[in-house]
$ cat start31.tsv   # TSV, C-alpha atoms and all ligand atoms
chain	number	residue	atom	x	y	z
A	17	MET	CA	-15.41	6.86	-8.47
A	18	GLU	CA	-17.58	3.75	-8.59
A	19	THR	CA	-16.61	1.08	-6.08
A	20	ARG	CA	-14.15	-1.22	-7.79
A	21	ILE	CA	-13.78	-4.93	-7.09
A	22	ILE	CA	-10.18	-6.02	-7.47
A	23	LEU	CA	-8.79	-9.52	-7.04
A	24	HIS	CA	-5.19	-10.42	-6.31
A	25	VAL	CA	-4.26	-13.99	-7.24
A	26	ASP	CA	-0.99	-15.45	-5.96
A	27	MET	CA	0.07	-19.05	-6.55
A	28	ASP	CA	1.03	-21.07	-3.48
A	29	TYR	CA	4.76	-21.93	-3.12
A	30	PHE	CA	4.80	-21.71	-6.89
A	31	TYR	CA	8.03	-23.33	-8.13
A	32	ALA	CA	7.95	-25.97	-5.40
A	33	GLN	CA	4.29	-26.78	-5.99
A	34	ILE	CA	4.98	-27.33	-9.69
A	35	GLU	CA	7.79	-29.74	-8.79
A	36	GLU	CA	5.42	-31.61	-6.43
A	37	ARG	CA	2.87	-31.87	-9.20
A	38	GLU	CA	5.47	-33.22	-11.61
A	39	ASN	CA	6.76	-35.76	-9.11
A	40	PRO	CA	4.09	-36.99	-6.68
A	41	SER	CA	6.68	-38.86	-4.61
A	42	LEU	CA	7.73	-35.44	-3.29
A	43	ARG	CA	4.35	-34.93	-1.61
A	44	GLY	CA	4.63	-34.72	2.15
A	45	ARG	CA	8.37	-34.11	2.00
A	46	PRO	CA	10.11	-30.78	2.52
A	47	VAL	CA	11.12	-29.37	-0.88
A	48	ALA	CA	13.27	-26.36	-1.77
A	49	VAL	CA	13.85	-25.18	-5.33
A	50	CYS	CA	17.24	-23.55	-5.80
A	51	MET	CA	18.54	-21.18	-8.42
A	52	VAL	CA	21.45	-22.72	-10.25
A	53	SER	CA	24.36	-20.33	-10.24
A	54	ALA	CA	26.55	-19.68	-13.25
A	55	ARG	CA	29.20	-22.06	-12.00
A	56	GLU	CA	28.21	-25.41	-13.42
A	57	GLY	CA	26.18	-27.49	-11.04
A	58	SER	CA	26.46	-25.33	-7.95
A	59	LEU	CA	23.26	-24.20	-6.32
A	60	GLY	CA	22.68	-20.52	-5.49
A	61	ALA	CA	19.90	-19.13	-3.30
A	62	ILE	CA	16.56	-20.78	-2.55
A	63	ALA	CA	13.84	-19.55	-4.93
A	64	ALA	CA	10.88	-21.35	-3.36
A	65	CYS	CA	10.09	-23.66	-0.44
A	66	ASN	CA	7.05	-25.78	0.17
A	67	TYR	CA	5.47	-25.54	3.61
A	68	GLY	CA	7.35	-28.55	4.95
A	69	ALA	CA	10.65	-26.84	4.14
A	70	ARG	CA	9.40	-23.58	5.71
A	71	HIS	CA	8.66	-25.44	8.92
A	72	LEU	CA	12.32	-26.44	8.99
A	73	GLY	CA	13.27	-22.76	8.91
A	74	LEU	CA	14.09	-22.48	5.21
A	75	HIS	CA	12.98	-19.49	3.15
A	76	SER	CA	13.58	-17.95	-0.26
A	77	GLY	CA	16.80	-16.00	-0.56
A	78	MET	CA	18.66	-18.34	1.80
A	79	PRO	CA	21.88	-19.73	0.28
A	80	CYS	CA	21.31	-23.39	-0.55
A	81	PHE	CA	24.53	-24.61	1.04
A	82	LEU	CA	23.36	-23.16	4.36
A	83	ALA	CA	19.90	-24.62	3.90
A	84	LYS	CA	21.42	-28.06	3.31
A	85	LYS	CA	23.24	-27.83	6.62
A	86	LYS	CA	20.13	-26.66	8.41
A	87	ALA	CA	17.79	-29.22	6.87
A	88	PRO	CA	19.75	-32.16	5.43
A	89	ASP	CA	16.55	-34.19	4.88
A	90	CYS	CA	14.96	-31.58	2.67
A	91	VAL	CA	14.81	-32.33	-1.08
A	92	PHE	CA	16.76	-29.69	-3.03
A	93	LEU	CA	15.93	-29.29	-6.72
A	94	PRO	CA	17.43	-27.05	-9.39
A	95	ALA	CA	15.02	-24.40	-10.70
A	96	ARG	CA	13.63	-24.96	-14.19
A	97	ARG	CA	12.58	-21.42	-14.76
A	98	GLU	CA	11.50	-21.66	-18.38
A	99	PHE	CA	9.14	-24.46	-17.45
A	100	TYR	CA	7.61	-22.46	-14.58
A	101	VAL	CA	7.15	-19.49	-16.92
A	102	GLU	CA	5.33	-21.76	-19.33
A	103	VAL	CA	2.99	-22.99	-16.57
A	104	SER	CA	2.52	-19.38	-15.52
A	105	SER	CA	1.43	-18.37	-19.02
A	106	HIS	CA	-1.34	-21.00	-18.98
A	107	ILE	CA	-2.56	-19.75	-15.62
A	108	MET	CA	-2.52	-16.14	-16.79
A	109	ASP	CA	-4.47	-17.09	-19.93
A	110	GLU	CA	-7.07	-18.77	-17.73
A	111	LEU	CA	-7.33	-15.78	-15.37
A	112	LYS	CA	-7.85	-13.39	-18.28
A	113	GLY	CA	-11.17	-15.07	-18.92
A	114	TYR	CA	-12.36	-14.00	-15.46
A	115	CYS	CA	-11.86	-10.24	-15.70
A	116	ASP	CA	-12.01	-7.19	-17.91
A	117	VAL	CA	-8.51	-5.96	-17.21
A	118	MET	CA	-5.62	-7.93	-15.79
A	119	GLU	CA	-2.18	-6.84	-14.61
A	120	GLN	CA	0.36	-9.60	-14.23
A	121	VAL	CA	2.89	-8.46	-11.63
A	122	SER	CA	5.19	-11.44	-11.41
A	123	VAL	CA	5.52	-15.01	-12.58
A	124	ASP	CA	2.90	-16.14	-10.06
A	125	GLU	CA	0.61	-13.22	-9.37
A	126	ALA	CA	-1.85	-10.90	-11.05
A	127	TYR	CA	-4.46	-8.27	-10.28
A	128	LEU	CA	-7.86	-8.70	-11.90
A	129	ASP	CA	-10.49	-5.99	-12.20
A	130	VAL	CA	-13.78	-7.87	-11.89
A	131	SER	CA	-16.02	-4.87	-11.13
A	132	SER	CA	-18.29	-5.42	-14.11
A	133	ARG	CA	-18.68	-9.14	-13.42
A	134	MET	CA	-20.86	-8.80	-10.33
A	135	ALA	CA	-23.35	-6.53	-8.67
A	136	GLY	CA	-21.43	-6.04	-5.46
A	137	PHE	CA	-19.14	-7.50	-2.83
A	138	GLN	CA	-21.79	-9.97	-1.65
A	139	GLN	CA	-21.14	-11.92	-4.86
A	140	VAL	CA	-17.37	-11.98	-4.55
A	141	GLU	CA	-17.02	-15.15	-2.50
A	142	ASP	CA	-18.68	-17.33	-5.13
A	143	TYR	CA	-16.55	-15.76	-7.79
A	144	LEU	CA	-13.29	-16.34	-5.89
A	145	ARG	CA	-14.14	-20.01	-5.57
A	146	ARG	CA	-14.73	-20.20	-9.32
A	147	VAL	CA	-11.41	-18.51	-10.08
A	148	LYS	CA	-9.58	-20.88	-7.75
A	149	SER	CA	-11.18	-23.96	-9.25
A	150	ALA	CA	-10.47	-22.71	-12.79
A	151	VAL	CA	-6.75	-22.47	-11.97
A	152	LEU	CA	-6.84	-25.87	-10.29
A	153	GLY	CA	-8.70	-27.39	-13.23
A	154	ARG	CA	-6.27	-25.97	-15.76
A	155	GLU	CA	-2.95	-26.68	-14.08
A	156	ARG	CA	-3.64	-28.79	-10.98
A	157	LEU	CA	-2.13	-26.09	-8.77
A	158	THR	CA	-3.59	-24.17	-5.86
A	159	CYS	CA	-3.54	-20.42	-5.41
A	160	SER	CA	-4.69	-17.92	-2.83
A	161	VAL	CA	-6.97	-15.05	-3.76
A	162	GLY	CA	-7.74	-11.77	-2.08
A	163	ALA	CA	-10.49	-9.32	-2.94
A	164	GLY	CA	-10.82	-5.67	-2.06
A	165	PRO	CA	-11.84	-2.26	-3.41
A	166	ASN	CA	-8.29	-1.59	-4.64
A	167	LYS	CA	-4.92	-3.22	-5.33
A	168	LEU	CA	-3.47	-2.44	-1.90
A	169	LEU	CA	-6.24	-4.25	-0.03
A	170	ALA	CA	-6.58	-7.10	-2.54
A	171	LYS	CA	-2.86	-7.82	-2.20
A	172	MET	CA	-2.98	-7.79	1.59
A	173	ALA	CA	-6.07	-10.00	1.53
A	174	SER	CA	-4.53	-12.70	-0.65
A	175	SER	CA	-1.93	-13.60	1.97
A	176	VAL	CA	-4.36	-13.82	4.91
A	177	ASN	CA	-5.43	-17.41	4.30
A	178	LYS	CA	-2.49	-18.75	2.36
A	179	PRO	CA	-2.15	-21.51	1.14
A	180	ASP	CA	-5.22	-22.48	-0.90
A	181	GLY	CA	-7.32	-19.81	0.76
A	182	HIS	CA	-9.23	-16.66	0.08
A	183	TYR	CA	-10.13	-13.53	1.98
A	184	ILE	CA	-12.40	-10.63	1.16
A	185	ILE	CA	-12.09	-7.05	2.37
A	186	ALA	CA	-15.35	-5.30	1.51
A	187	PRO	CA	-15.42	-1.49	1.77
A	188	ASP	CA	-17.20	-1.64	5.14
A	189	GLY	CA	-14.56	-4.04	6.48
A	190	VAL	CA	-11.51	-1.94	5.67
A	191	ASP	CA	-11.16	-0.27	9.07
A	192	SER	CA	-11.52	-3.42	11.12
A	193	PHE	CA	-8.96	-5.12	8.88
A	194	LEU	CA	-6.39	-2.34	9.15
A	195	LEU	CA	-6.66	-0.51	12.46
A	196	ASP	CA	-4.95	-2.94	14.87
A	197	MET	CA	-2.50	-4.33	12.35
A	198	PRO	CA	1.20	-3.74	13.10
A	199	VAL	CA	2.32	-0.93	10.80
A	200	SER	CA	5.14	-3.11	9.44
A	201	LYS	CA	2.52	-5.26	7.71
A	202	LEU	CA	1.21	-2.35	5.67
A	203	HIS	CA	2.32	-2.84	2.08
A	204	GLY	CA	5.37	-0.67	1.40
A	205	VAL	CA	6.49	-0.18	5.00
A	206	GLY	CA	9.99	-1.63	5.28
A	207	GLY	CA	12.41	-1.77	8.21
A	208	LYS	CA	13.67	1.79	7.88
A	209	THR	CA	10.21	3.35	7.57
A	210	GLU	CA	9.08	1.29	10.53
A	211	GLN	CA	11.92	2.72	12.64
A	212	THR	CA	11.10	6.31	11.72
A	213	LEU	CA	7.42	5.69	12.44
A	214	SER	CA	8.22	4.03	15.72
A	215	ALA	CA	10.06	7.21	16.80
A	216	LEU	CA	6.77	9.05	16.13
A	217	GLY	CA	4.97	6.64	18.45
A	218	VAL	CA	3.37	4.66	15.63
A	219	ALA	CA	3.00	0.92	16.24
A	220	THR	CA	-0.25	0.07	14.44
A	221	VAL	CA	-1.85	1.19	11.20
A	222	GLY	CA	-4.45	2.95	13.34
A	223	ASP	CA	-1.70	4.96	15.06
A	224	LEU	CA	-0.43	6.05	11.66
A	225	ARG	CA	-3.77	7.68	10.95
A	226	ASN	CA	-3.09	10.14	13.77
A	227	ILE	CA	-0.05	11.56	11.99
A	228	SER	CA	-0.78	14.56	9.79
A	229	LEU	CA	-0.08	14.60	6.07
A	230	GLU	CA	2.28	17.56	6.61
A	231	ARG	CA	4.30	15.62	9.14
A	232	LEU	CA	4.54	12.53	6.95
A	233	ALA	CA	5.54	14.67	3.96
A	234	SER	CA	8.28	16.38	5.92
A	235	ASP	CA	9.66	13.08	7.26
A	236	PHE	CA	9.31	10.94	4.13
A	237	GLY	CA	9.06	13.39	1.23
A	238	ALA	CA	5.84	14.52	-0.48
A	239	ALA	CA	5.16	11.44	-2.61
A	240	ARG	CA	5.93	8.78	0.00
A	241	GLY	CA	4.27	10.79	2.74
A	242	LYS	CA	1.03	10.92	0.74
A	243	LEU	CA	1.26	7.21	0.01
A	244	LEU	CA	1.58	6.36	3.72
A	245	TYR	CA	-1.23	8.77	4.54
A	246	ASP	CA	-3.51	7.06	2.00
A	247	HIS	CA	-2.45	3.47	2.62
A	248	CYS	CA	-3.17	3.51	6.35
A	249	ARG	CA	-6.69	4.60	5.40
A	250	GLY	CA	-6.99	1.78	2.87
A	251	ILE	CA	-6.95	4.27	0.00
A	252	ASP	CA	-5.24	3.32	-3.26
A	253	ALA	CA	-6.46	4.73	-6.55
A	254	SER	CA	-3.77	3.11	-8.70
A	255	PRO	CA	-5.25	1.57	-11.83
A	256	ILE	CA	-4.92	-2.00	-13.02
A	257	ALA	CA	-2.38	-1.45	-15.76
A	258	GLU	CA	-2.64	-4.09	-18.41
A	259	ARG	CA	0.85	-4.87	-19.62
A	260	GLU	CA	1.55	-5.83	-23.15
A	261	ARG	CA	2.82	-9.33	-23.26
A	262	GLU	CA	6.27	-9.23	-24.77
A	263	GLN	CA	6.39	-12.73	-26.08
A	264	TYR	CA	4.24	-15.76	-26.75
A	265	GLY	CA	5.89	-19.10	-26.25
A	266	ARG	CA	5.29	-22.79	-25.78
A	267	LEU	CA	7.70	-25.42	-24.57
A	268	ALA	CA	7.18	-29.18	-24.44
A	269	SER	CA	9.05	-32.29	-23.38
A	270	LEU	CA	9.99	-34.73	-26.09
A	271	ARG	CA	9.08	-38.40	-25.67
A	272	THR	CA	12.77	-39.24	-25.43
A	273	ASP	CA	15.91	-37.12	-25.70
A	274	THR	CA	16.49	-36.84	-29.44
A	275	ARG	CA	18.32	-35.22	-32.36
A	276	GLN	CA	15.89	-36.49	-35.02
A	277	PRO	CA	14.96	-33.52	-37.26
A	278	GLU	CA	11.62	-35.09	-38.26
A	279	GLU	CA	10.51	-35.60	-34.71
A	280	LEU	CA	11.69	-32.15	-33.66
A	281	SER	CA	9.91	-30.59	-36.66
A	282	LYS	CA	6.68	-32.32	-35.69
A	283	SER	CA	6.87	-30.92	-32.17
A	284	ILE	CA	7.70	-27.46	-33.50
A	285	ARG	CA	4.64	-27.51	-35.80
A	286	SER	CA	2.33	-28.45	-32.99
A	287	LEU	CA	3.83	-25.89	-30.58
A	288	SER	CA	3.61	-23.24	-33.32
A	289	GLU	CA	-0.10	-23.95	-33.70
A	290	ASP	CA	-0.61	-23.23	-30.00
A	291	VAL	CA	1.40	-20.03	-30.11
A	292	HIS	CA	-0.41	-18.95	-33.27
A	293	ARG	CA	-3.82	-19.51	-31.68
A	294	ARG	CA	-2.88	-17.10	-28.91
A	295	LEU	CA	-1.54	-14.50	-31.35
A	296	ILE	CA	-4.82	-14.63	-33.24
A	297	ALA	CA	-6.89	-14.49	-30.06
A	298	GLU	CA	-5.12	-11.32	-28.99
A	299	GLY	CA	-4.91	-9.75	-32.43
A	300	VAL	CA	-1.15	-9.34	-32.43
A	301	GLU	CA	1.70	-9.92	-34.88
A	302	TYR	CA	5.27	-11.04	-34.25
A	303	ARG	CA	8.49	-10.15	-35.97
A	304	THR	CA	10.99	-12.35	-34.12
A	305	VAL	CA	10.91	-16.13	-33.91
A	306	ALA	CA	13.00	-18.16	-31.49
A	307	ALA	CA	13.54	-21.87	-31.13
A	308	VAL	CA	14.38	-22.88	-27.57
A	309	PHE	CA	16.22	-26.05	-26.62
A	310	VAL	CA	16.58	-27.66	-23.23
A	311	LEU	CA	19.48	-30.07	-23.50
A	312	LYS	CA	19.93	-33.47	-21.90
A	313	ASN	CA	21.92	-31.82	-19.06
A	314	LEU	CA	19.03	-29.34	-18.56
A	315	GLN	CA	21.00	-26.38	-19.91
A	316	MET	CA	18.94	-24.08	-22.05
A	317	ARG	CA	19.86	-22.68	-25.48
A	318	ALA	CA	17.99	-20.53	-27.95
A	319	ARG	CA	18.35	-19.37	-31.56
A	320	SER	CA	16.33	-16.49	-32.90
A	321	ARG	CA	15.68	-14.69	-36.17
A	322	THR	CA	14.00	-11.37	-36.88
A	323	LEU	CA	11.86	-11.18	-40.01
A	324	PRO	CA	11.76	-8.26	-42.46
A	325	ALA	CA	8.21	-7.34	-41.38
A	326	PRO	CA	5.64	-8.26	-38.70
A	327	THR	CA	3.32	-11.12	-39.55
A	328	GLN	CA	0.71	-13.39	-38.02
A	329	SER	CA	1.47	-16.34	-40.30
A	330	LEU	CA	1.50	-19.83	-38.82
A	331	ASP	CA	3.68	-21.24	-41.60
A	332	THR	CA	6.31	-18.54	-41.21
A	333	LEU	CA	6.43	-19.20	-37.47
A	334	ALA	CA	6.85	-22.96	-37.83
A	335	ASP	CA	9.19	-22.85	-40.85
A	336	THR	CA	11.48	-20.28	-39.24
A	337	ALA	CA	11.64	-22.26	-35.99
A	338	ILE	CA	12.39	-25.46	-37.94
A	339	SER	CA	15.20	-23.80	-39.85
A	340	LEU	CA	16.63	-22.48	-36.55
A	341	MET	CA	16.41	-25.99	-35.13
A	342	LYS	CA	18.37	-27.42	-38.10
A	343	GLU	CA	20.99	-24.72	-37.66
A	344	PHE	CA	21.22	-25.61	-34.00
A	345	LEU	CA	21.66	-29.34	-34.69
A	346	SER	CA	24.55	-28.59	-37.03
A	347	GLU	CA	26.30	-26.56	-34.31
A	348	GLU	CA	25.64	-28.53	-31.14
A	349	SER	CA	25.96	-32.22	-30.47
A	350	SER	CA	23.78	-32.71	-27.37
A	351	PRO	CA	20.48	-34.58	-27.54
A	352	ILE	CA	17.46	-32.37	-26.87
A	353	ARG	CA	15.12	-32.99	-23.96
A	354	ARG	CA	12.56	-30.20	-24.39
A	355	ILE	CA	11.86	-27.92	-27.32
A	356	GLY	CA	10.06	-24.59	-27.56
A	357	VAL	CA	8.84	-21.95	-29.97
A	358	THR	CA	8.60	-18.27	-29.08
A	359	ALA	CA	7.19	-15.32	-31.02
A	360	SER	CA	8.33	-11.88	-29.90
A	361	SER	CA	8.71	-8.25	-31.10
A	362	ILE	CA	4.96	-8.11	-30.70
A	363	THR	CA	2.79	-5.40	-32.29
A	364	HIS	CA	-0.95	-5.01	-32.69
A	365	SER	CA	-2.10	-6.35	-35.96
A	366	THR	CA	-3.44	-3.73	-38.33
A	367	GLY	CA	-4.57	-5.00	-41.69
A	368	GLN	CA	-7.28	-7.54	-42.45
A	369	LYS	CA	-5.67	-10.96	-42.78
A	370	SER	CA	-6.49	-13.34	-45.54
A	371	LEU	CA	-8.65	-16.23	-44.39
A	372	SER	CA	-5.95	-18.73	-45.30
A	373	GLU	CA	-3.82	-17.46	-42.44
A	374	TYR	CA	-6.36	-18.66	-39.92
A	401	LIG	P1	6.20	-15.80	-4.14
A	401	LIG	O1	4.78	-15.67	-4.58
A	401	LIG	O2	6.79	-14.68	-3.38
A	401	LIG	O3	6.39	-17.10	-3.24
A	401	LIG	P2	5.81	-18.57	-3.42
A	401	LIG	O4	4.78	-18.64	-4.49
A	401	LIG	O5	6.97	-19.50	-3.57
A	401	LIG	O6	5.17	-18.84	-1.99
A	401	LIG	P3	3.79	-18.27	-1.40
A	401	LIG	O7	2.93	-19.47	-1.19
A	401	LIG	O8	4.16	-17.61	-0.12
A	401	LIG	O9	3.24	-17.31	-2.41
A	401	LIG	O10	7.13	-16.05	-5.39
A	401	LIG	C1	6.70	-16.77	-6.53
A	401	LIG	C2	7.85	-17.53	-7.15
A	401	LIG	O11	8.89	-16.61	-7.52
A	401	LIG	C3	8.51	-18.50	-6.21
A	401	LIG	O12	7.84	-19.77	-6.20
A	401	LIG	C4	9.90	-18.59	-6.74
A	401	LIG	C5	10.16	-17.22	-7.33
A	401	LIG	N1	11.00	-16.45	-6.39
A	401	LIG	C6	12.37	-16.43	-6.57
A	401	LIG	O13	12.88	-17.00	-7.54
A	401	LIG	N2	13.15	-15.77	-5.67
A	401	LIG	C7	12.63	-15.13	-4.57
A	401	LIG	O14	13.39	-14.55	-3.77
A	401	LIG	C8	11.21	-15.14	-4.39
A	401	LIG	C9	10.57	-14.45	-3.20
A	401	LIG	C10	10.43	-15.82	-5.33
A	402	MG	MG	3.24	-17.20	-4.54
A	403	MG	MG	4.01	-14.04	-5.73

$ encode --input "start31.tsv" --output "C-alpha cells"
Amino acid sequence: METRIILHVDMDYFYAQIEERENPSLRGRPVAVCMVSAREGSLGAIAACNYGARHLGLHSGMPCFLAKKKAPDCVFLPARREFYVEVSSHIMDELKGYCDVMEQVSVDEAYLDVSSRMAGFQQVEDYLRRVKSAVLGRERLTCSVGAGPNKLLAKMASSVNKPDGHYIIAPDGVDSFLLDMPVSKLHGVGGKTEQTLSALGVATVGDLRNISLERLASDFGAARGKLLYDHCRGIDASPIAEREREQYGRLASLRTDTRQPEELSKSIRSLSEDVHRRLIAEGVEYRTVAAVFVLKNLQMRARSRTLPAPTQSLDTLADTAISLMKEFLSEESSPIRRIGVTASSITHSTGQKSLSEY
C-alpha cells in the first residue's frame, strides 16, 4: 500500500474554550462546563475543563458537586450542547476542504486523509499550520493536530503538544516515538490489559514487541491479540471511514427573547438558506424537518414533521419549519432565546433538480 498521510484534529478543551470565546471575561479563570442532569437545575458530571481548572485537579467525569468543593473559585457553567454541536459542524465543514476523505469521530475530532494533497511527509508541517489557522479563522478556536501514516499514530500524535500544538510522526520516526513509551499509553491498552501485560514482563511498547503473536492471541483472543501485535509496531491499516451526516442544522440566537411570529419566521428563512446551501453542496435530500427552540430558561424543545417524499427544496424547508414554529407558539408560552432549523432523514439526491430550486 502507498504511504498514507493521515491527520487527527482534536479541539482544545472544546466546550470550555467555546464558553471562553463567548465570554472573554472568563479568560484566565478556571472554567468547568457541567452536564445538567434531568433534575431541574442540578449539575451532573464535568464535561470539559479549561487548563486552569485542570491545574486545580478537576477533570471530565468528576461530579460537579465534588469539583465545587475541591475548587470553589472555579467558574461552573451548564453545558449548552446544541450550541457546541453547531460550532462543531462549522469546524467539520472547514476541515472537509482540507482533505479527500474525512471521518468525524466525535463532536470535537476528526481524521483527515490528506495523502493526495502533498508529495510526502516533508510537506506536512506547512499543511498542519494551514489547517490550524483555517479552524482558528473560522471559529476563533484552537485545536491540536497530529500527523502519521495511519489513524493510530495520527491520534497519538495529536495529544503530544496539546493545547494549540502539532506533532508529526513520519514513517521513519515511528520506532523512536513508540519504543520507550509506557505500554499503557498505547491506544487501546486499558488498566486490565496493562495488568496482564505487566505479568508478562511488558512495561514499554518496545517490550510488547518481544511477545509472540501466538502468545498474545492466547491471552487476549485472536482479534485483540493481533491488534496489540500490530499497534506496538505502529501498524494500523484501518481506513478513514467517511460517515454519512445524519442531519444538517443551524441554530442562532435571537436579538432579544421573543414570541413574535414575524421575527421568528425571518430567522427561520435565513437559517433555512444556510442549511439548504449545505444540502446542495453535498448533493443530498431531506425528508424530515425540525424546528428547534431554546427557551428563555435555556431548556431545549423541538417539533418535527416528516414529508411524503425526499426533497431538496428551500421553500419546503422554511415553510415547514415556520408552520412547526407557529404550532409551537400555540402550545408553549415561554419566550424563545435561540431558534434552529434541522433537515434529517438524509438520502443522496437522484434526479436532476429544476434550476428554480437553486
Ligand atoms: P475531549 O476532546 O476528550 O476533551 P476536551 O476537548 O475538553 O479537552 P482536550 O483539550 O484534552 O481535547 O472531548 C471533547 C468534548 O467532549 C469536551 O469538551 C466535552 C465533551 N465530553 C463530555 O461531555 N464528557 C466527557 O467525559 C468527555 C471526555 C468529553
Ligand atoms: Mg478535545
Ligand atoms: Mg476529542

$ residues_around --input "start31.tsv" --residues "segment 304-310 of chain A" --least-positions-apart "2" --cutoff "7 Å" --atoms "all atoms listed in the file" --output "ChimeraX atom specification"
/A:302,312,314-323,333,336-337,340-341,352-361

$ closest_residue --input "start31.tsv" --among "A:Ala268, A:Ala126, A:Ala69, A:Val218" --to "Ala83 of chain A" --atoms "only C-alpha atoms"
A:Ala69

$ residues_near_ligand --input "start31.tsv" --ligand "ligand MG 402 (chain A)" --cutoff "8 Å" --atoms "all atoms listed in the file" --output "ChimeraX atom specification"
/A:26-30,124-125,159

$ residues_around --input "start31.tsv" --residues "Val221 of chain A" --least-positions-apart "3" --cutoff "8 Å" --atoms "all atoms listed in the file" --output "list in words"
Leu194, Leu195, Asp196, Met197, Pro198, Val199, Leu202, Val218, Leu224, Arg225 and Cys248 of chain A

$ axis_aligned_box --input "start31.tsv" --around "ligand LIG 401 (chain A)" --padding-each-side "5 Å" --output "JSON"
{"center_x": 8.2, "center_y": -17.1, "center_z": -3.8, "size_x": 20.5, "size_y": 15.3, "size_z": 17.4}

$ closest_residue --input "start31.tsv" --among "A:Tyr67, A:Tyr143, A:Tyr127, A:Phe81" --to "ligand MG 403 (chain A)" --atoms "only C-alpha atoms and all ligand atoms"
A:Tyr127

$ residues_around --input "start31.tsv" --residues "Tyr31 of chain A" --least-positions-apart "4" --cutoff "9 Å" --atoms "all atoms listed in the file" --output "ChimeraX atom specification"
/A:35-36,48-49,63-66,95-97,100

$ residues_around --input "start31.tsv" --residues "segment 160-168 of chain A" --least-positions-apart "6" --cutoff "6 Å" --atoms "all atoms listed in the file" --output "PyMOL selection string"
chain A and resi 20-26+174+178-186+252

$ closest_residue --input "start31.tsv" --among "A:Ile338, A:Leu82, A:Met172, A:Val91" --to "ligand MG 403 (chain A)" --atoms "all atoms listed in the file"
A:Met172

$ atom_distance --input "start31.tsv" --atom1 "atom CA of Leu169 of chain A" --atom2 "atom CA of Leu244 of chain A"
13.7 Å

$ residues_around --input "start31.tsv" --residues "His75 of chain A" --least-positions-apart "3" --cutoff "7 Å" --atoms "all atoms listed in the file" --output "PDB file with C-alpha atoms, in the coordinates of the input"
ATOM      1  CA  ILE A  62      16.560 -20.780  -2.550  1.00  0.00           C
ATOM      2  CA  CYS A  65      10.090 -23.660  -0.440  1.00  0.00           C
ATOM      3  CA  ARG A  70       9.400 -23.580   5.710  1.00  0.00           C
ATOM      4  CA  MET A  78      18.660 -18.340   1.800  1.00  0.00           C
TER       5      MET A  78
END

$ atom_distance --input "start31.tsv" --atom1 "atom CA of Asp188 of chain A" --atom2 "atom CA of Gln138 of chain A"
11.7 Å

$ atom_distance --input "start31.tsv" --atom1 "atom P2 of ligand LIG 401 (chain A)" --atom2 "atom CA of Lys148 of chain A"
16.2 Å

$ closest_residue --input "start31.tsv" --among "A:Leu72, A:Ala334, A:Leu93, A:Leu157" --to "Ile107 of chain A" --atoms "all atoms listed in the file"
A:Leu157

$ closest_residue --input "start31.tsv" --among "A:Ala325, A:Leu280, A:Ile34, A:Val205" --to "Phe344 of chain A" --atoms "only C-alpha atoms"
A:Leu280

$ build_atoms --input "start31.tsv" --residues "segment 149-159 of chain A" --atoms "N, CA, C and O atoms" --output "compact mmCIF listing (two decimals), in the frame of the given file"
# COMPACT_ATOMS: atom_id res chain seq x y z
N SER A 149 -11.02 -22.62 -8.66
CA SER A 149 -11.18 -23.96 -9.25
C SER A 149 -10.81 -23.94 -10.73
O SER A 149 -10.39 -24.98 -11.28
N ALA A 150 -10.91 -22.78 -11.39
CA ALA A 150 -10.47 -22.71 -12.79
C ALA A 150 -8.95 -22.93 -12.88
O ALA A 150 -8.47 -23.65 -13.75
N VAL A 151 -8.21 -22.31 -11.96
CA VAL A 151 -6.75 -22.47 -11.97
C VAL A 151 -6.39 -23.92 -11.65
O VAL A 151 -5.55 -24.53 -12.31
N LEU A 152 -7.09 -24.48 -10.67
CA LEU A 152 -6.84 -25.87 -10.29
C LEU A 152 -7.17 -26.81 -11.45
O LEU A 152 -6.42 -27.74 -11.75
N GLY A 153 -8.28 -26.54 -12.12
CA GLY A 153 -8.70 -27.39 -13.23
C GLY A 153 -7.71 -27.31 -14.38
O GLY A 153 -7.44 -28.31 -15.05
N ARG A 154 -7.19 -26.15 -14.61
CA ARG A 154 -6.27 -25.97 -15.76
C ARG A 154 -4.90 -26.57 -15.49
O ARG A 154 -4.33 -27.23 -16.34
N GLU A 155 -4.35 -26.31 -14.31
CA GLU A 155 -2.95 -26.68 -14.08
C GLU A 155 -2.72 -27.56 -12.85
O GLU A 155 -1.58 -27.82 -12.50
N ARG A 156 -3.80 -27.99 -12.20
CA ARG A 156 -3.64 -28.79 -10.98
C ARG A 156 -2.72 -28.12 -9.96
O ARG A 156 -1.82 -28.74 -9.41
N LEU A 157 -2.93 -26.84 -9.75
CA LEU A 157 -2.13 -26.09 -8.77
C LEU A 157 -3.07 -25.20 -7.96
O LEU A 157 -4.06 -24.69 -8.49
N THR A 158 -2.74 -25.02 -6.68
CA THR A 158 -3.59 -24.17 -5.86
C THR A 158 -3.03 -22.75 -5.81
O THR A 158 -1.83 -22.52 -5.97
N CYS A 159 -3.94 -21.81 -5.56
CA CYS A 159 -3.54 -20.42 -5.41
C CYS A 159 -4.32 -19.83 -4.24
O CYS A 159 -5.24 -20.45 -3.72
